[in-house]
Amino acid sequence: MITVTHRQDCTVMSFSGELNSVTAPEADAAIAAVCKEGCMALIFDFAGLTYLSSAGLRSILIGAKNMRERGGRFAVANAGEKIQRVFQLSGLARHFASFASIEDAEASFTGEEPAR
Amino acid sequence: MRNQMADLAELDRRIAALPEFAALSGESRYALRLALEEMISNVIKYGYEDRDVHEIGVDLDFRSDAVRVRLTDDGRAFNPLTEAKKTRTAADLSEQGIGGLGVFLVRQLAGDLKYRREADRNILEFTIGEAGRK
């Protein structure tokens, strides 16, 4: 399940349960909608995410590419050990700055360098 | 199981209910579910040119420290050991490809990966667990 929260300076997409080949289409649609709204700072909040497969990774990656293309910023927050490991094994971890809280992720957006 | 996503979800539920599955480490449980989802969803999505129902064979051999997996399908020939070598992680996000992530993950997680094409069938075998770890 995906919950979208608009904060003052960014949008938070909170994922819970499993992001797999069955649920990825829902994530694709939700991420596309947030990008279409013109979101320029997006936090992928994985606090409630228990399982992530390549289908879900692809959804997140497409969202990140969209943000980058529009000059927006993005970051990951609250990824648990299992979720971190999938990011690392896939080699995609390098594209995502990962933070221990939404507040830390949000604070990273105020720096001069765009999040890598 | 049939080449349908609903059957993959049902397989996942059935495996989760097995006592042998519960006895695995948390890491192995995750790796087994992930490897099955990645390889089977690949076959369902890309394996067939027709819209017919096909049977995908899933054999699991739970051992004390590992699970030996064998997947059999009659889809088009696909050798994950050779065909997925193009997948690279790019230094820059804009250069990063979005395909082949699943097979790449399985190659990281599974040990002793073996593929053969036999009588118009793909037969893929691998091991998940401590013994199969690279």
# chains A, B, ... in the order shown; residues from 1 in each chain; ligands from 1
$ select_by_dssp --residues "chain B" --states "strand (DSSP E or B)" --output "number ranges by chain"
B: 2, 55, 57-62, 66-73, 111-118, 121-129
$ interface_residues --of "chain B" --to "chain A" --cutoff "6 Å" --atoms "only C-alpha atoms" --output "compact mmCIF listing (two decimals) with N, CA and C atoms, in the first residue's frame"
# COMPACT_ATOMS: atom_id res chain seq x y z
N THR B 89 25.58 -2.08 -13.74
CA THR B 89 25.13 -0.92 -12.99
C THR B 89 25.96 0.27 -13.47
N LEU B 101 17.24 -6.54 -14.14
CA LEU B 101 17.55 -6.44 -12.70
C LEU B 101 17.27 -7.74 -11.95
N GLY B 102 16.18 -8.40 -12.34
CA GLY B 102 15.77 -9.61 -11.63
C GLY B 102 16.79 -10.73 -11.77
N LEU B 105 19.87 -9.96 -9.85
CA LEU B 105 19.70 -10.22 -8.41
C LEU B 105 19.85 -11.71 -8.10
$ atom_distance --atom1 "atom CA of A:Ala24" --atom2 "atom CA of B:Lys45"
14.0 Å
$ select_by_dssp --residues "chain A" --states "alpha helix (DSSP H)" --output "PyMOL selection string"
chain A and resi 24-36+54-69+81-90+102-108
$ atom_distance --atom1 "atom CA of B:Met1" --atom2 "atom CA of B:Gly57"
6.5 Å
$ atom_distance --atom1 "atom CA of A:Thr3" --atom2 "atom CA of A:Ser16"
8.5 Å
$ decode --residues "chain B" --atoms "C-alpha atoms" --output "short mmCIF file (atom, residue, chain, number, x, y, z; two decimals), in the first residue's frame"
data_model
loop_
_atom_site.label_atom_id
_atom_site.label_comp_id
_atom_site.auth_asym_id
_atom_site.auth_seq_id
_atom_site.Cartn_x
_atom_site.Cartn_y
_atom_site.Cartn_z
CA MET B 1 1.82 -24.10 -11.66
CA ARG B 2 0.43 -22.31 -14.72
CA ASN B 3 2.09 -19.34 -16.44
CA GLN B 4 -0.08 -16.82 -14.61
CA MET B 5 0.82 -14.23 -12.00
CA ALA B 6 -2.04 -15.45 -9.78
CA ASP B 7 -0.40 -18.88 -9.66
CA LEU B 8 2.92 -17.30 -8.71
CA ALA B 9 1.22 -15.52 -5.80
CA GLU B 10 -0.42 -18.82 -4.78
CA LEU B 11 2.94 -20.64 -4.97
CA ASP B 12 4.45 -17.97 -2.73
CA ARG B 13 1.66 -18.49 -0.16
CA ARG B 14 2.02 -22.28 -0.26
CA ILE B 15 5.78 -22.16 0.24
CA ALA B 16 5.40 -19.70 3.12
CA ALA B 17 3.17 -22.24 4.87
CA LEU B 18 5.72 -25.08 4.71
CA PRO B 19 7.45 -26.01 7.99
CA GLU B 20 10.68 -26.53 6.03
CA PHE B 21 10.47 -22.92 4.88
CA ALA B 22 9.93 -21.67 8.42
CA ALA B 23 13.07 -23.53 9.49
CA LEU B 24 15.29 -21.52 7.09
CA SER B 25 17.14 -18.40 8.19
CA GLY B 26 15.40 -15.08 7.53
CA GLU B 27 17.95 -14.30 4.85
CA SER B 28 17.37 -17.60 3.05
CA ARG B 29 13.58 -17.19 3.22
CA TYR B 30 13.85 -13.80 1.57
CA ALA B 31 16.34 -15.06 -1.03
CA LEU B 32 14.18 -18.07 -1.92
CA ARG B 33 11.01 -16.01 -2.37
CA LEU B 34 12.89 -13.41 -4.40
CA ALA B 35 14.65 -15.92 -6.67
CA LEU B 36 11.37 -17.74 -7.40
CA GLU B 37 9.51 -14.50 -8.11
CA GLU B 38 12.25 -13.18 -10.39
CA MET B 39 12.77 -16.29 -12.48
CA ILE B 40 9.12 -17.37 -12.72
CA SER B 41 7.78 -13.88 -13.47
CA ASN B 42 10.39 -13.65 -16.24
CA VAL B 43 9.05 -16.85 -17.81
CA ILE B 44 5.44 -15.66 -17.47
CA LYS B 45 6.18 -12.24 -18.99
CA TYR B 46 8.72 -13.07 -21.67
CA GLY B 47 8.72 -16.83 -22.16
CA TYR B 48 5.78 -17.32 -24.46
CA GLU B 49 4.69 -15.94 -27.78
CA ASP B 50 1.21 -17.46 -27.59
CA ARG B 51 -1.52 -16.80 -25.05
CA ASP B 52 -1.98 -20.45 -24.12
CA VAL B 53 -1.77 -21.92 -20.68
CA HIS B 54 1.62 -23.51 -20.02
CA GLU B 55 2.87 -25.52 -17.11
CA ILE B 56 5.90 -24.33 -15.16
CA GLY B 57 7.53 -26.98 -12.98
CA VAL B 58 8.79 -25.94 -9.55
CA ASP B 59 10.75 -28.49 -7.53
CA LEU B 60 12.13 -27.59 -4.13
CA ASP B 61 14.45 -29.86 -2.22
CA PHE B 62 14.82 -28.60 1.33
CA ARG B 63 18.08 -29.72 2.88
CA SER B 64 19.43 -28.98 6.33
CA ASP B 65 21.35 -25.89 5.30
CA ALA B 66 20.05 -25.00 1.84
CA VAL B 67 17.25 -25.34 -0.69
CA ARG B 68 17.91 -26.82 -4.09
CA VAL B 69 15.53 -25.35 -6.67
CA ARG B 70 14.65 -26.67 -10.11
CA LEU B 71 12.46 -24.70 -12.51
CA THR B 72 11.24 -26.22 -15.76
CA ASP B 73 9.32 -24.45 -18.52
CA ASP B 74 8.51 -24.96 -22.19
CA GLY B 75 8.94 -21.30 -23.14
CA ARG B 76 11.50 -19.89 -25.53
CA ALA B 77 15.12 -20.74 -24.75
CA PHE B 78 16.53 -18.43 -22.11
CA ASN B 79 19.86 -19.00 -20.44
CA PRO B 80 20.17 -16.53 -17.56
CA LEU B 81 23.88 -17.30 -17.28
CA THR B 82 24.71 -15.93 -20.73
CA GLU B 83 21.82 -13.70 -21.75
CA ALA B 84 21.89 -11.42 -18.74
CA LYS B 85 25.55 -10.47 -18.88
CA LYS B 86 24.73 -7.16 -20.49
CA THR B 87 23.21 -5.91 -17.25
CA ARG B 88 25.57 -3.43 -15.70
CA THR B 89 25.13 -0.92 -12.99
CA ALA B 90 25.92 2.47 -14.42
CA ALA B 91 27.83 5.14 -12.54
CA ASP B 92 25.27 7.74 -13.53
CA LEU B 93 21.53 7.40 -13.00
CA SER B 94 20.72 8.65 -16.50
CA GLU B 95 22.80 5.78 -17.95
CA GLN B 96 21.26 3.16 -15.70
CA GLY B 97 19.25 0.53 -17.58
CA ILE B 98 16.00 -0.69 -16.09
CA GLY B 99 15.98 -4.20 -17.57
CA GLY B 100 17.60 -7.40 -16.37
CA LEU B 101 17.55 -6.44 -12.70
CA GLY B 102 15.77 -9.61 -11.63
CA VAL B 103 18.17 -12.05 -13.24
CA PHE B 104 21.08 -9.95 -11.96
CA LEU B 105 19.70 -10.22 -8.41
CA VAL B 106 19.27 -13.98 -8.68
CA ARG B 107 22.85 -14.33 -9.89
CA GLN B 108 23.93 -12.49 -6.74
CA LEU B 109 21.74 -14.54 -4.40
CA ALA B 110 21.80 -18.04 -5.81
CA GLY B 111 24.65 -20.49 -5.79
CA ASP B 112 25.54 -23.28 -8.17
CA LEU B 113 23.38 -21.89 -10.98
CA LYS B 114 23.00 -24.39 -13.82
CA TYR B 115 21.04 -24.11 -17.03
CA ARG B 116 20.28 -26.59 -19.75
CA ARG B 117 17.88 -26.80 -22.68
CA GLU B 118 16.41 -30.26 -22.97
CA ALA B 119 13.58 -31.45 -25.23
CA ASP B 120 12.39 -27.88 -25.89
CA ARG B 121 12.41 -27.09 -22.19
CA ASN B 122 14.44 -24.71 -20.07
CA ILE B 123 15.76 -26.37 -16.95
CA LEU B 124 17.25 -24.03 -14.39
CA GLU B 125 18.76 -25.24 -11.14
CA PHE B 126 20.24 -23.28 -8.28
CA THR B 127 20.80 -23.37 -4.54
CA ILE B 128 19.63 -20.89 -1.93
CA GLY B 129 21.12 -20.90 1.52
CA GLU B 130 24.43 -21.05 3.31
CA ALA B 131 25.77 -23.93 1.23
CA GLY B 132 24.84 -22.26 -2.02
CA ARG B 133 26.20 -18.86 -1.15
CA LYS B 134 28.90 -17.51 -3.40
#
